[in-house]
Amino acid sequence: MDNNTPESGGFKGGLGSLFGGGTPEYSNTELAGVPLTGMSPLSPYLNVDPRYLVQDTDEFILPTGANKTRGRFELAFFTIGGCCITGAAFGTLNGLRMGLMETRDMPWSKPRNVQILNMVTRQGASWANTLGSVALLYSVFGVAIEKARGAEDDINTVTAGTLTGMLFKSTGGLKGAARGGLVGLAMSGLYALYNNWDHLKGTSPSHY
């Protein structure tokens, strides 16, 4: 008996549909004319359309109206804290150097250790206070200029650096303020140049 007759195919299709496990059978000739246009490429492993796995949008949620980058006010806390820690580290090393030089004629004893420790503590606190104060002034000027201009660019950085140097050295008179302003202008200008180095070279930025 021929099993490929339409009657047998319909009988098997009917039993398959009755128990939910059968599929209609098609010959190669019938499948050759079926267009494949518009079919989604499915992964043979996940059985999921790979296009749904591509993230075209940001992977984080932002409040309505918020910027994708942190402003100067948010960065102020990081700047001040980082400068204080950096100043304390350099001050500690400088105090250790000075303490060893001042006590090099003394034998290793408790008085020498106490003197070195006092020098390390004073220098660490002094450097941390100095750099922390500079960072505080720079952050205050930067936030104030940003709010006044309503824009965030390198002009704010250079202006804040210059004003910080002038105010920090204002106790030395006009000449001291001028020298401090020049130092602040040079340092902030170098920082702005570093941030725009990739743009000046005509390449895409490699850091974020």
# chains A, B, ... in the order shown; residues from 1 in each chain; ligands from 1
$ residues_around --residues "Leu190 of chain A" --least-positions-apart "5" --cutoff "12 Å" --atoms "only C-alpha atoms" --output "tab-separated table (two decimals) with all heavy atoms, in the first residue's frame"
chain	number	residue	atom	x	y	z
A	154	ASP	N	35.31	74.88	28.33
A	154	ASP	CA	36.66	75.12	28.82
A	154	ASP	C	36.86	76.55	29.31
A	154	ASP	O	37.82	76.82	30.04
A	154	ASP	CB	37.68	74.80	27.72
A	154	ASP	CG	37.70	73.33	27.37
A	154	ASP	OD1	37.46	72.51	28.30
A	154	ASP	OD2	37.93	72.98	26.21
A	157	THR	N	36.59	76.46	32.96
A	157	THR	CA	37.77	75.86	33.59
A	157	THR	C	38.91	76.85	33.70
A	157	THR	O	39.53	77.01	34.77
A	157	THR	CB	38.21	74.63	32.78
A	157	THR	OG1	37.13	73.68	32.74
A	157	THR	CG2	39.42	73.97	33.41
A	158	VAL	N	39.22	77.53	32.59
A	158	VAL	CA	40.33	78.48	32.59
A	158	VAL	C	40.04	79.67	33.50
A	158	VAL	O	40.92	80.13	34.25
A	158	VAL	CB	40.62	78.94	31.14
A	158	VAL	CG1	41.70	80.01	31.12
A	158	VAL	CG2	41.04	77.76	30.28
A	161	GLY	N	40.28	78.57	37.18
A	161	GLY	CA	41.68	78.37	37.57
A	161	GLY	C	42.42	79.68	37.78
A	161	GLY	O	43.20	79.83	38.73
A	183	VAL	N	49.88	81.40	37.26
A	183	VAL	CA	50.04	79.97	37.53
A	183	VAL	C	48.71	79.23	37.34
A	183	VAL	O	48.66	78.16	36.72
A	183	VAL	CB	50.60	79.76	38.95
A	183	VAL	CG1	50.60	78.27	39.30
A	183	VAL	CG2	52.01	80.32	39.06
A	184	GLY	N	47.63	79.81	37.86
A	184	GLY	CA	46.33	79.18	37.68
A	184	GLY	C	45.91	79.13	36.22
A	184	GLY	O	45.33	78.13	35.76
A	185	LEU	N	46.21	80.20	35.47
A	185	LEU	CA	45.89	80.21	34.04
A	185	LEU	C	46.67	79.14	33.29
A	185	LEU	O	46.11	78.44	32.43
A	185	LEU	CB	46.19	81.59	33.46
A	185	LEU	CG	46.00	81.76	31.96
A	185	LEU	CD1	44.54	81.54	31.57
A	185	LEU	CD2	46.46	83.15	31.52
A	195	ASN	N	42.23	67.81	27.82
A	195	ASN	CA	40.88	67.29	27.56
A	195	ASN	C	40.49	67.38	26.10
A	195	ASN	O	39.67	66.59	25.61
A	195	ASN	CB	39.85	68.07	28.40
A	195	ASN	CG	39.84	67.63	29.84
A	195	ASN	OD1	40.28	66.53	30.18
A	195	ASN	ND2	39.34	68.49	30.72
A	196	ASN	N	41.06	68.33	25.35
A	196	ASN	CA	40.70	68.51	23.95
A	196	ASN	C	41.80	68.05	23.01
A	196	ASN	O	41.80	68.43	21.84
A	196	ASN	CB	40.39	70.00	23.68
A	196	ASN	CG	39.16	70.48	24.42
A	196	ASN	OD1	38.03	70.34	23.97
A	196	ASN	ND2	39.37	71.06	25.60
A	197	TRP	N	42.73	67.25	23.52
A	197	TRP	CA	43.85	66.84	22.68
A	197	TRP	C	43.40	65.97	21.52
A	197	TRP	O	43.86	66.13	20.39
A	197	TRP	CB	44.88	66.10	23.53
A	197	TRP	CG	46.12	65.72	22.77
A	197	TRP	CD1	46.51	64.48	22.39
A	197	TRP	CD2	47.13	66.63	22.31
A	197	TRP	NE1	47.71	64.55	21.72
A	197	TRP	CE2	48.11	65.85	21.65
A	197	TRP	CE3	47.28	68.01	22.39
A	197	TRP	CZ2	49.24	66.43	21.07
A	197	TRP	CZ3	48.40	68.58	21.80
A	197	TRP	CH2	49.36	67.80	21.16
$ atom_distance --atom1 "atom CA of Phe77 of chain A" --atom2 "atom CA of Leu136 of chain A"
8.8 Å
$ atom_distance --atom1 "atom CA of Gly99 of chain A" --atom2 "atom CA of Ala128 of chain A"
18.0 Å
$ atom_distance --atom1 "atom CA of Lys201 of chain A" --atom2 "atom CA of Gly189 of chain A"
17.0 Å
